>>> print(open('protein_0.csv').read())   # CSV, C-alpha atoms and all ligand atoms
chain,number,residue,atom,x,y,z
X,1341,MET,CA,94.4,17.2,136.1
X,1342,ALA,CA,93.9,18.6,132.7
X,1343,ILE,CA,90.6,17.9,130.9
X,1344,GLU,CA,91.0,14.7,129.0
X,1345,THR,CA,92.6,14.9,125.6
X,1346,LEU,CA,90.3,15.7,122.8
X,1347,ALA,CA,88.7,12.7,121.1
X,1348,TYR,CA,88.2,14.9,118.1
X,1349,GLU,CA,90.3,17.4,116.4
X,1350,VAL,CA,89.8,21.1,116.8
X,1351,PRO,CA,90.8,22.7,113.5
X,1352,LEU,CA,93.1,25.7,113.3
X,1353,LYS,CA,91.6,29.2,113.6
X,1354,LYS,CA,91.1,31.0,110.3
X,1355,LYS,CA,91.5,34.6,109.5
X,1356,SER,CA,89.1,36.9,111.2
X,1357,TYR,CA,85.7,37.8,109.9
X,1358,SER,CA,84.4,41.4,110.0
X,1359,PRO,CA,82.7,41.9,113.4
X,1360,TYR,CA,79.0,42.4,114.0
X,1361,SER,CA,78.7,45.7,115.9
X,1362,SER,CA,77.0,45.5,119.3
X,1363,THR,CA,73.9,47.4,120.4
X,1364,PRO,CA,73.7,49.5,123.6
X,1365,GLU,CA,72.2,48.0,126.6
X,1366,THR,CA,68.6,48.9,127.7
X,1367,THR,CA,68.2,51.8,130.1
X,1368,ALA,CA,64.8,50.4,131.3
X,1369,GLU,CA,64.5,49.5,134.9
X,1370,LEU,CA,63.8,45.8,134.8
X,1371,GLU,CA,63.6,43.1,137.4
X,1372,TRP,CA,66.7,41.0,136.6
X,1373,ALA,CA,67.2,37.4,137.8
X,1374,GLU,CA,70.2,37.0,140.1
X,1375,LEU,CA,72.3,34.3,138.5
X,1376,VAL,CA,75.6,32.7,139.4
X,1377,ASN,CA,78.5,33.2,137.0
X,1378,LEU,CA,80.9,30.2,136.6
X,1379,ASP,CA,84.5,31.1,135.6
X,1380,VAL,CA,85.2,27.9,133.8
X,1381,SER,CA,88.9,28.8,133.4
X,1382,GLN,CA,89.2,27.7,137.1
X,1383,PHE,CA,88.3,24.2,136.1
X,1384,ASP,CA,91.9,22.9,135.7
X,1385,GLN,CA,93.3,24.5,138.8
X,1386,PRO,CA,93.8,22.4,141.9
X,1387,GLY,CA,90.3,22.0,143.5
X,1388,GLY,CA,88.9,24.1,140.7
X,1389,LYS,CA,86.1,21.8,139.4
X,1390,GLU,CA,85.1,21.0,142.9
X,1391,ALA,CA,84.8,24.7,143.7
X,1392,LEU,CA,82.7,25.2,140.6
X,1393,ALA,CA,80.4,22.3,141.5
X,1394,LYS,CA,79.9,23.9,144.9
X,1395,GLN,CA,79.1,27.3,143.3
X,1396,LEU,CA,76.6,25.7,140.9
X,1397,LYS,CA,74.8,23.3,143.2
X,1398,TYR,CA,72.0,25.6,144.3
X,1399,ALA,CA,71.3,26.9,140.9
X,1400,LEU,CA,71.2,23.5,139.3
X,1401,HIS,CA,68.5,22.3,141.7
X,1402,ASN,CA,66.5,25.6,142.2
X,1403,VAL,CA,67.0,27.9,139.3
X,1404,GLY,CA,68.1,26.1,136.1
X,1405,PHE,CA,69.9,29.2,134.7
X,1406,PHE,CA,73.4,30.5,135.1
X,1407,TYR,CA,76.3,32.2,133.3
X,1408,VAL,CA,79.6,30.9,132.1
X,1409,SER,CA,82.6,33.1,131.6
X,1410,ASN,CA,86.3,32.8,130.5
X,1411,PHE,CA,85.5,30.0,128.1
X,1412,GLY,CA,88.5,30.5,125.8
X,1413,LEU,CA,86.9,32.3,122.9
X,1414,SER,CA,87.5,36.0,122.3
X,1415,GLN,CA,84.7,38.6,121.9
X,1416,GLU,CA,85.9,38.9,118.3
X,1417,GLU,CA,85.4,35.2,117.7
X,1418,VAL,CA,81.9,35.4,119.2
X,1419,ASP,CA,81.1,38.5,117.1
X,1420,GLU,CA,82.1,36.6,114.0
X,1421,GLN,CA,79.4,34.1,114.7
X,1422,PHE,CA,76.8,36.9,114.9
X,1423,ALA,CA,78.1,38.2,111.6
X,1424,ILE,CA,77.7,34.8,110.0
X,1425,GLY,CA,74.1,34.6,111.4
X,1426,LYS,CA,73.3,38.0,110.1
X,1427,GLU,CA,74.6,37.1,106.6
X,1428,ILE,CA,72.5,33.9,106.5
X,1429,PHE,CA,69.3,35.8,107.4
X,1430,GLU,CA,70.0,38.5,104.9
X,1431,LEU,CA,70.0,36.0,102.0
X,1432,PRO,CA,66.9,36.2,99.8
X,1433,LEU,CA,64.0,34.0,101.0
X,1434,GLU,CA,64.2,31.9,97.8
X,1435,GLU,CA,67.8,31.1,98.8
X,1436,LYS,CA,67.0,30.3,102.4
X,1437,VAL,CA,64.1,28.0,101.7
X,1438,LYS,CA,66.4,25.9,99.5
X,1439,TYR,CA,68.0,24.8,102.8
X,1440,GLY,CA,64.6,24.4,104.6
X,1441,ALA,CA,64.5,21.9,107.5
X,1442,ASP,CA,62.8,18.6,106.7
X,1443,THR,CA,59.7,19.4,108.8
X,1444,LYS,CA,58.0,16.2,107.6
X,1445,GLU,CA,60.7,14.3,109.4
X,1446,PHE,CA,60.3,16.7,112.3
X,1447,SER,CA,63.9,17.8,111.9
X,1448,TYR,CA,65.2,21.2,112.8
X,1449,ASN,CA,68.4,21.1,110.8
X,1450,GLY,CA,68.7,23.8,108.2
X,1451,TYR,CA,66.5,26.9,107.8
X,1452,THR,CA,63.2,27.4,109.5
X,1453,GLY,CA,61.0,30.4,109.4
X,1454,PRO,CA,57.3,31.1,108.8
X,1455,ALA,CA,57.7,30.4,105.1
X,1456,VAL,CA,58.9,26.9,105.7
X,1457,TYR,CA,56.8,25.4,108.5
X,1458,GLU,CA,53.7,27.5,108.5
X,1459,PRO,CA,53.2,29.6,105.3
X,1460,ASP,CA,49.9,31.1,106.6
X,1461,VAL,CA,51.0,31.7,110.2
X,1462,LYS,CA,49.3,34.9,111.6
X,1463,GLU,CA,51.6,37.8,112.1
X,1464,TYR,CA,50.9,38.0,115.8
X,1465,ASP,CA,51.6,34.3,116.3
X,1466,PRO,CA,54.7,34.0,118.6
X,1467,LYS,CA,56.4,32.0,115.8
X,1468,HIS,CA,55.8,34.5,113.0
X,1469,ASN,CA,58.9,36.6,113.5
X,1470,ILE,CA,61.4,33.9,114.3
X,1471,GLN,CA,63.9,32.5,111.8
X,1472,SER,CA,66.5,29.9,112.6
X,1473,TYR,CA,69.4,28.2,110.9
X,1474,ASN,CA,70.5,25.0,112.6
X,1475,ILE,CA,73.8,23.2,112.0
X,1476,PRO,CA,74.2,19.7,113.5
X,1477,LYS,CA,77.5,18.3,114.9
X,1478,PHE,CA,80.5,18.2,112.6
X,1479,ILE,CA,80.5,14.4,112.3
X,1480,LYS,CA,80.2,11.9,109.5
X,1481,ASP,CA,76.5,11.3,110.2
X,1482,PHE,CA,75.6,14.7,108.8
X,1483,PRO,CA,76.2,16.3,105.4
X,1484,GLY,CA,79.3,18.6,104.9
X,1485,LYS,CA,79.5,22.2,103.9
X,1486,GLU,CA,78.1,21.7,100.4
X,1487,ALA,CA,74.7,21.1,102.0
X,1488,HIS,CA,74.6,24.7,103.4
X,1489,PRO,CA,74.2,28.2,102.0
X,1490,GLY,CA,77.1,30.5,101.0
X,1491,PRO,CA,77.8,32.2,104.3
X,1492,VAL,CA,78.0,28.8,106.1
X,1493,GLN,CA,80.1,27.2,103.3
X,1494,ARG,CA,82.6,30.1,103.3
X,1495,ASN,CA,83.0,30.0,107.1
X,1496,TRP,CA,82.7,26.2,107.6
X,1497,GLU,CA,86.1,25.7,109.3
X,1498,LYS,CA,85.5,28.7,111.6
X,1499,ILE,CA,82.1,27.4,112.6
X,1500,GLU,CA,83.5,24.0,113.2
X,1501,TYR,CA,86.3,25.5,115.4
X,1502,PHE,CA,83.7,27.5,117.3
X,1503,ALA,CA,81.4,24.5,117.9
X,1504,LYS,CA,84.2,22.2,119.0
X,1505,THR,CA,85.8,24.7,121.3
X,1506,VAL,CA,82.4,25.2,123.0
X,1507,GLN,CA,82.1,21.4,123.3
X,1508,HIS,CA,85.5,21.1,124.8
X,1509,ASN,CA,85.8,24.2,127.0
X,1510,VAL,CA,82.2,24.5,128.2
X,1511,ILE,CA,80.0,21.5,127.6
X,1512,GLU,CA,82.4,18.8,128.7
X,1513,ARG,CA,83.5,20.8,131.8
X,1514,LEU,CA,79.9,21.5,132.8
X,1515,LEU,CA,79.0,17.8,132.3
X,1516,ILE,CA,81.9,16.9,134.7
X,1517,ILE,CA,80.7,19.5,137.2
X,1518,PHE,CA,77.2,18.0,137.1
X,1519,ALA,CA,78.6,14.6,137.9
X,1520,ILE,CA,80.6,16.1,140.9
X,1521,VAL,CA,77.4,17.8,142.2
X,1522,LEU,CA,75.7,14.4,142.1
X,1523,GLU,CA,78.8,12.9,143.9
X,1524,LEU,CA,79.2,10.3,141.2
X,1525,GLU,CA,82.2,8.0,141.4
X,1526,ASP,CA,82.6,8.4,137.6
X,1527,GLU,CA,83.1,12.1,136.9
X,1528,ARG,CA,82.8,11.4,133.2
X,1529,TYR,CA,79.4,9.8,133.5
X,1530,PHE,CA,77.6,12.5,131.6
X,1531,VAL,CA,80.6,13.2,129.2
X,1532,ASN,CA,80.4,9.5,128.2
X,1533,ARG,CA,76.8,10.0,127.3
X,1534,HIS,CA,77.5,13.2,125.2
X,1535,GLN,CA,80.4,12.0,123.0
X,1536,TYR,CA,81.0,14.3,120.1
X,1537,GLU,CA,81.7,11.7,117.5
X,1538,ILE,CA,78.5,9.7,118.3
X,1539,ARG,CA,75.3,10.7,116.7
X,1540,GLY,CA,73.1,13.0,118.7
X,1541,GLU,CA,70.6,15.7,117.6
X,1542,ASP,CA,72.7,18.6,119.2
X,1543,HIS,CA,72.8,21.7,117.0
X,1544,LEU,CA,74.2,25.2,116.7
X,1545,ARG,CA,71.5,27.6,116.0
X,1546,TYR,CA,71.6,31.1,114.5
X,1547,MET,CA,68.3,32.6,115.6
X,1548,LEU,CA,66.6,35.9,114.6
X,1549,TYR,CA,63.6,37.6,116.0
X,1550,THR,CA,62.5,40.4,113.7
X,1551,ALA,CA,61.2,43.5,115.4
X,1552,ARG,CA,57.4,43.9,115.1
X,1553,ASP,CA,54.9,46.8,115.3
X,1554,GLU,CA,53.4,47.8,118.6
X,1555,GLU,CA,50.0,46.7,117.6
X,1556,ILE,CA,51.1,43.2,116.7
X,1557,ASN,CA,53.1,43.0,119.9
X,1558,LYS,CA,50.0,43.8,121.8
X,1559,LYS,CA,48.0,41.0,120.0
X,1560,ALA,CA,50.9,38.7,120.8
X,1561,GLN,CA,50.5,39.5,124.5
X,1562,GLU,CA,53.9,41.2,124.4
X,1563,LEU,CA,55.6,37.9,123.8
X,1564,TYR,CA,58.0,36.6,121.2
X,1565,SER,CA,57.8,33.1,122.6
X,1566,THR,CA,55.6,31.6,125.3
X,1567,GLY,CA,56.8,29.7,128.4
X,1568,HIS,CA,58.5,26.4,127.8
X,1569,THR,CA,61.3,24.1,128.9
X,1570,ASP,CA,64.0,23.1,126.4
X,1571,LEU,CA,64.1,19.4,125.5
X,1572,GLY,CA,67.8,18.5,125.5
X,1573,SER,CA,70.5,18.5,128.2
X,1574,ILE,CA,71.6,22.1,128.3
X,1575,THR,CA,71.1,25.2,126.1
X,1576,LEU,CA,73.9,27.7,125.6
X,1577,LEU,CA,73.0,31.3,124.5
X,1578,PHE,CA,75.5,33.7,123.1
X,1579,ARG,CA,73.7,37.0,123.2
X,1580,GLN,CA,73.7,40.6,122.1
X,1581,PRO,CA,72.4,43.1,124.6
X,1582,VAL,CA,68.8,43.1,123.4
X,1583,ALA,CA,66.8,42.1,126.5
X,1584,GLY,CA,63.9,39.6,126.0
X,1585,LEU,CA,64.7,36.3,127.7
X,1586,GLN,CA,62.9,35.8,131.0
X,1587,VAL,CA,63.0,32.9,133.6
X,1588,LEU,CA,60.0,31.9,135.7
X,1589,ASN,CA,61.0,32.6,139.3
X,1590,SER,CA,60.0,30.4,142.3
X,1591,ASP,CA,57.4,33.0,143.3
X,1592,GLY,CA,55.6,32.5,140.0
X,1593,SER,CA,56.7,35.7,138.3
X,1594,TYR,CA,59.0,36.1,135.4
X,1595,ARG,CA,62.4,37.8,135.8
X,1596,TRP,CA,64.5,39.2,133.0
X,1597,VAL,CA,67.8,37.4,132.2
X,1598,LYS,CA,70.3,40.1,131.6
X,1599,PRO,CA,72.7,39.7,128.6
X,1600,VAL,CA,76.1,40.0,130.3
X,1601,LYS,CA,79.1,40.8,128.1
X,1602,GLY,CA,81.7,38.1,128.0
X,1603,THR,CA,79.4,35.4,129.2
X,1604,ILE,CA,77.3,32.6,127.9
X,1605,THR,CA,73.8,32.2,129.4
X,1606,VAL,CA,73.1,28.5,130.1
X,1607,ASN,CA,69.9,26.8,131.0
X,1608,ILE,CA,69.2,23.2,132.1
X,1609,ALA,CA,66.8,21.3,129.8
X,1610,ASP,CA,64.4,18.4,130.1
X,1611,THR,CA,66.6,15.4,129.2
X,1612,LEU,CA,69.3,16.3,131.7
X,1613,SER,CA,66.6,16.8,134.3
X,1614,LEU,CA,65.2,13.4,133.5
X,1615,LEU,CA,68.7,11.7,133.9
X,1616,SER,CA,68.9,13.4,137.3
X,1617,GLY,CA,65.5,12.1,138.4
X,1618,ARG,CA,64.3,15.7,138.0
X,1619,TYR,CA,66.7,16.9,140.6
X,1620,PHE,CA,68.3,19.3,138.2
X,1621,LYS,CA,65.7,21.9,137.3
X,1622,SER,CA,64.7,22.3,133.7
X,1623,SER,CA,64.0,26.0,133.8
X,1624,ILE,CA,60.7,27.5,132.5
X,1625,HIS,CA,61.5,30.5,130.3
X,1626,ARG,CA,60.1,32.6,127.5
X,1627,VAL,CA,61.0,35.5,125.3
X,1628,SER,CA,59.3,38.8,125.9
X,1629,VAL,CA,59.1,41.7,123.5
X,1630,PRO,CA,62.1,43.8,124.4
X,1631,PRO,CA,61.8,46.9,126.6
X,1632,ALA,CA,60.6,50.1,124.9
X,1633,ASP,CA,64.1,51.5,124.0
X,1634,GLN,CA,65.0,48.2,122.2
X,1635,GLN,CA,61.6,47.2,120.6
X,1636,HIS,CA,62.7,48.4,117.2
X,1637,LEU,CA,65.8,46.2,117.2
X,1638,ASP,CA,66.0,42.8,115.5
X,1639,ARG,CA,67.2,40.3,118.1
X,1640,LEU,CA,69.9,37.9,116.9
X,1641,GLY,CA,71.2,35.0,119.0
X,1642,VAL,CA,73.8,32.2,118.6
X,1643,LEU,CA,72.6,29.2,120.5
X,1644,PHE,CA,73.7,25.6,121.2
X,1645,PHE,CA,71.1,23.0,121.9
X,1646,ILE,CA,73.0,20.1,123.5
X,1647,ARG,CA,71.5,16.6,123.8
X,1648,PRO,CA,72.9,13.2,124.9
X,1649,ASN,CA,73.8,10.7,122.2
X,1650,ASN,CA,70.8,9.1,120.5
X,1651,ASN,CA,71.8,5.6,121.9
X,1652,VAL,CA,71.7,6.7,125.5
X,1653,PRO,CA,68.8,5.3,127.6
X,1654,VAL,CA,66.5,7.9,129.2
X,1655,GLU,CA,67.1,6.6,132.7
X,1656,VAL,CA,68.0,8.1,136.0
X,1657,VAL,CA,71.7,7.9,137.0
X,1658,LYS,CA,72.3,5.2,139.6
X,1659,ASN,CA,74.3,5.4,142.8
X,1660,SER,CA,74.3,9.1,143.4
X,1661,PRO,CA,74.8,9.6,147.1
X,1662,LEU,CA,73.2,13.0,146.8
X,1663,LEU,CA,70.0,11.7,145.0
X,1664,GLN,CA,69.9,8.9,147.7
X,1665,ARG,CA,70.0,11.4,150.5
X,1666,GLU,CA,67.5,13.7,148.8
X,1667,GLY,CA,65.0,10.8,148.5
X,1668,VAL,CA,64.9,11.1,144.7
X,1669,TYR,CA,65.2,7.3,144.2
X,1670,ASP,CA,62.1,6.7,146.4
X,1671,SER,CA,59.8,8.8,144.2
X,1672,LEU,CA,60.8,7.8,140.7
X,1673,GLU,CA,58.2,7.6,137.9
X,1674,GLU,CA,57.9,4.0,136.7
X,1675,ARG,CA,58.6,3.2,133.1
X,1676,SER,CA,57.3,0.0,131.6
X,1677,GLU,CA,59.5,0.1,128.5
X,1678,PRO,CA,63.0,1.4,127.9
X,1679,LEU,CA,63.3,4.6,125.9
X,1680,ASP,CA,66.4,5.9,124.2
X,1681,VAL,CA,67.3,9.6,123.7
X,1682,GLY,CA,67.0,9.4,119.9
X,1683,THR,CA,63.3,8.2,120.1
X,1684,TRP,CA,62.5,10.7,122.9
X,1685,VAL,CA,63.9,13.6,121.0
X,1686,LYS,CA,62.1,12.7,117.8
X,1687,GLU,CA,58.8,12.2,119.5
X,1688,ARG,CA,59.1,15.4,121.4
X,1689,GLN,CA,60.1,17.4,118.2
X,1690,LYS,CA,57.1,15.8,116.5
X,1691,HIS,CA,54.9,17.0,119.4
X,1692,ILE,CA,56.3,20.5,119.3
X,1693,PHE,CA,55.8,20.7,115.5
X,1694,LYS,CA,52.2,19.4,115.7
X,1695,ASN,CA,50.9,21.0,118.8
X,1696,VAL,CA,52.9,23.9,120.0
X,1697,TYR,CA,52.9,25.6,116.6
X,1698,ASP,CA,49.3,24.7,116.0
X,1699,ILE,CA,47.8,27.5,118.1
X,1700,THR,CA,44.7,29.2,117.0
X,1701,ASP,CA,45.4,32.6,118.6
X,1702,ALA,CA,48.2,34.1,120.5
X,1703,GLY,CA,48.4,32.7,124.0
X,1704,GLN,CA,45.9,29.9,123.5
X,1705,GLY,CA,46.0,26.2,123.0
X,1706,LYS,CA,44.3,24.8,119.9
X,1707,GLU,CA,41.1,23.9,121.7
X,1708,GLY,CA,41.0,27.3,123.3
X,1709,GLN,CA,42.5,26.4,126.6
X,1710,GLU,CA,44.9,28.7,128.2
X,1711,ARG,CA,48.5,28.0,127.2
X,1712,ASN,CA,49.5,27.5,130.8
X,1713,GLU,CA,47.2,24.5,130.9
X,1714,LEU,CA,48.8,22.7,128.0
X,1715,GLU,CA,50.1,19.4,129.3
X,1716,ALA,CA,50.7,16.2,127.4
X,1717,GLU,CA,52.4,12.8,127.6
X,1718,VAL,CA,55.1,12.3,125.0
X,1719,ALA,CA,56.8,8.9,124.9
X,1720,GLY,CA,55.4,8.2,128.3
X,1721,ILE,CA,56.9,11.4,129.8
X,1722,LYS,CA,54.8,14.3,131.0
X,1723,VAL,CA,55.6,17.6,129.2
X,1724,LYS,CA,54.1,21.0,129.8
X,1725,TYR,CA,54.0,24.5,128.3
X,1726,TRP,CA,53.3,27.8,130.0
X,1727,ASN,CA,52.2,31.3,129.3
X,1801,LIG,O1,66.2,33.8,122.3
X,1801,LIG,C1,66.3,33.5,123.5
X,1801,LIG,O2,66.8,34.3,124.3
X,1801,LIG,C2,65.8,32.1,124.0
X,1801,LIG,C3,65.4,31.2,123.0
X,1801,LIG,C4,64.7,30.0,123.5
X,1801,LIG,O3,64.3,29.9,124.7
X,1801,LIG,C5,64.7,28.8,122.7
X,1801,LIG,O4,64.9,28.9,121.5
X,1801,LIG,O5,64.4,27.7,123.2
X,1802,FE,FE,64.1,27.8,125.2
>>> encode(input="protein_0.csv", output="structure tokens", more="lines below")
Ligand SMILES: O=C(O)CCC(=O)C(=O)O
Ligand SMILES: [Fe+2]
Amino acid sequence: MAIETLAYEVPLKKKSYSPYSSTPETTAELEWAELVNLDVSQFDQPGGKEALAKQLKYALHNVGFFYVSNFGLSQEEVDEQFAIGKEIFELPLEEKVKYGADTKEFSYNGYTGPAVYEPDVKEYDPKHNIQSYNIPKFIKDFPGKEAHPGPVQRNWEKIEYFAKTVQHNVIERLLIIFAIVLELEDERYFVNRHQYEIRGEDHLRYMLYTARDEEINKKAQELYSTGHTDLGSITLLFRQPVAGLQVLNSDGSYRWVKPVKGTITVNIADTLSLLSGRYFKSSIHRVSVPPADQQHLDRLGVLFFIRPNNNVPVEVVKNSPLLQREGVYDSLEERSEPLDVGTWVKERQKHIFKNVYDITDAGQGKEGQERNELEAEVAGIKVKYWN
């Protein structure tokens, strides 16, 4: 059976953009995580999605990270997105801040960087060298291209095509695979909770880590970002070969996540984990300073942060034979009041803005506690941050 017809239109491809040249891979000997690679072009073959579910099951529960390949976008189309990101960050700061995210509303959409949310942030603060430009879904709830800077305006149709192709070829297929893993009668259970046309706080993010001096890297404990879980359903990372991303292994040590050409790196995030009764693992990850031969390179990424629709209740999926057998239903956290995804996302973003960025020194919580001790309750849900 072919994937259901699109509920939204994928616009036609436009003429190609000049590609952003790739950098060589690191020659450093690093401990890489071993991750499965899902060939999502198998999805529509007979027995394809069931085979993919089988392949993914262990990683979903135990690892929370995997790769996706053959997703129907050429390397050239991916490179174009890196070129657009590069052009955005090369704009003068005065121009970028015109499109600054509404941090008072704890929104991420638009430009963020030290100049926007923390003008006096220390240069060794993990957030000092990060800039992002976030674009929400291409739906009527969000402003059109006129609300964005030149490089986004000029490439609007291309970005829309890219985002919707990813939604159709990767996200919807993964959501069906997740339902098959849980043995749900309704394979579209998660798809129906991630409808493109319905408001949700998903976004496409161009993200740049600017290379820093050795001395500053040392003060920052050799980290670009400290350990965390993502808050949405899944995160997709289109990457260049600059190593940095690390996942916390079951033995308590971090492993590097290799950028593999032709793949998207995917990780499971908190909200999907919550919907699965925490059976799906929201992976703990961080970004290290790159290995010595890449430390001088700026590190650009193109990411998708996927979330369920705002009107979806944060509640564990019912009637999963797998969750039943695994005893997940017997040990669920009680909730006294219903919570919807929109409220949860907003409260969590507020918490991240107020607490996670408010660190007095690299690697420490604001009251001096170690970062791996940071634990809080947000909208009645326990959240944690790690070193
Ligand atoms: O840049 C990366 O590789 C990962 C970024 C990340 O973990 C995040 O933005 O949540
Ligand atoms: Fe993350």
>>> residues_near_ligand(input="protein_0.csv", ligand="ligand LIG 1801 (chain X)", cutoff="10 Å", atoms="all atoms listed in the file", output="MDAnalysis selection string")
chainID X and resid 1470 1472 1545:1549 1564:1571 1575:1580 1582:1587 1597:1599 1605 1607 1609 1623:1628 1639:1645
>>> closest_residue(input="protein_0.csv", among="X:Ile1475, X:Leu1672, X:Ala1519, X:Ala1393", to="Asn1377 of chain X", atoms="only C-alpha atoms")
X:Ala1393
>>> closest_residue(input="protein_0.csv", among="X:Val1656, X:Ala1560, X:Leu1662, X:Ile1608", to="ligand FE 1802 (chain X)", atoms="only C-alpha atoms and all ligand atoms")
X:Ile1608
>>> closest_residue(input="protein_0.csv", among="X:Leu1588, X:Val1531, X:Ile1499, X:Leu1714", to="ligand FE 1802 (chain X)", atoms="only C-alpha atoms and all ligand atoms")
X:Leu1588
>>> residues_around(input="protein_0.csv", residues="Asp1610 of chain X", least_positions_apart="5", cutoff="10 Å", atoms="only C-alpha atoms", output="MDAnalysis selection string")
chainID X and resid 1569:1574 1615:1616 1618 1620:1623 1647 1723
>>> atom_distance(input="protein_0.csv", atom1="atom CA of Ala1551 of chain X", atom2="atom CA of Gly1453 of chain X")
14.4 Å
>>> axis_aligned_box(input="protein_0.csv", around="segment 1678-1697 of chain X", padding_each_side="6 Å", output="JSON")
{"center_x": 59.1, "center_y": 13.5, "center_z": 121.7, "size_x": 28.4, "size_y": 36.2, "size_z": 24.4}
>>> closest_residue(input="protein_0.csv", among="X:Leu1396, X:Ser1660, X:Phe1405, X:Glu1371", to="ligand FE 1802 (chain X)", atoms="all atoms listed in the file")
X:Phe1405
>>> closest_residue(input="protein_0.csv", among="X:Asp1670, X:Asn1651, X:Thr1683, X:Ile1646", to="ligand FE 1802 (chain X)", atoms="all atoms listed in the file")
X:Ile1646
>>> closest_residue(input="protein_0.csv", among="X:Glu1523, X:Glu1715, X:Gly1404, X:Phe1429", to="ligand FE 1802 (chain X)", atoms="all atoms listed in the file")
X:Gly1404
>>> residues_around(input="protein_0.csv", residues="Asp1553 of chain X", least_positions_apart="4", cutoff="10 Å", atoms="only C-alpha atoms", output="list in words")
Tyr1464, Asn1557, Lys1558, Gln1635 and His1636 of chain X
>>> atom_distance(input="protein_0.csv", atom1="atom CA of Glu1555 of chain X", atom2="atom CA of Asp1460 of chain X")
19.1 Å
>>> residues_around(input="protein_0.csv", residues="segment 1438-1444 of chain X", least_positions_apart="5", cutoff="9 Å", atoms="all atoms listed in the file", output="number ranges by chain")
X: 1433, 1449-1453, 1456-1457, 1473-1474, 1487-1489, 1690, 1693
>>> residues_around(input="protein_0.csv", residues="Ala1716 of chain X", least_positions_apart="5", cutoff="10 Å", atoms="all atoms listed in the file", output="PyMOL selection string")
chain X and resi 1691+1695+1721-1725
>>> atom_distance(input="protein_0.csv", atom1="atom CA of Phe1518 of chain X", atom2="atom CA of Pro1648 of chain X")
13.8 Å
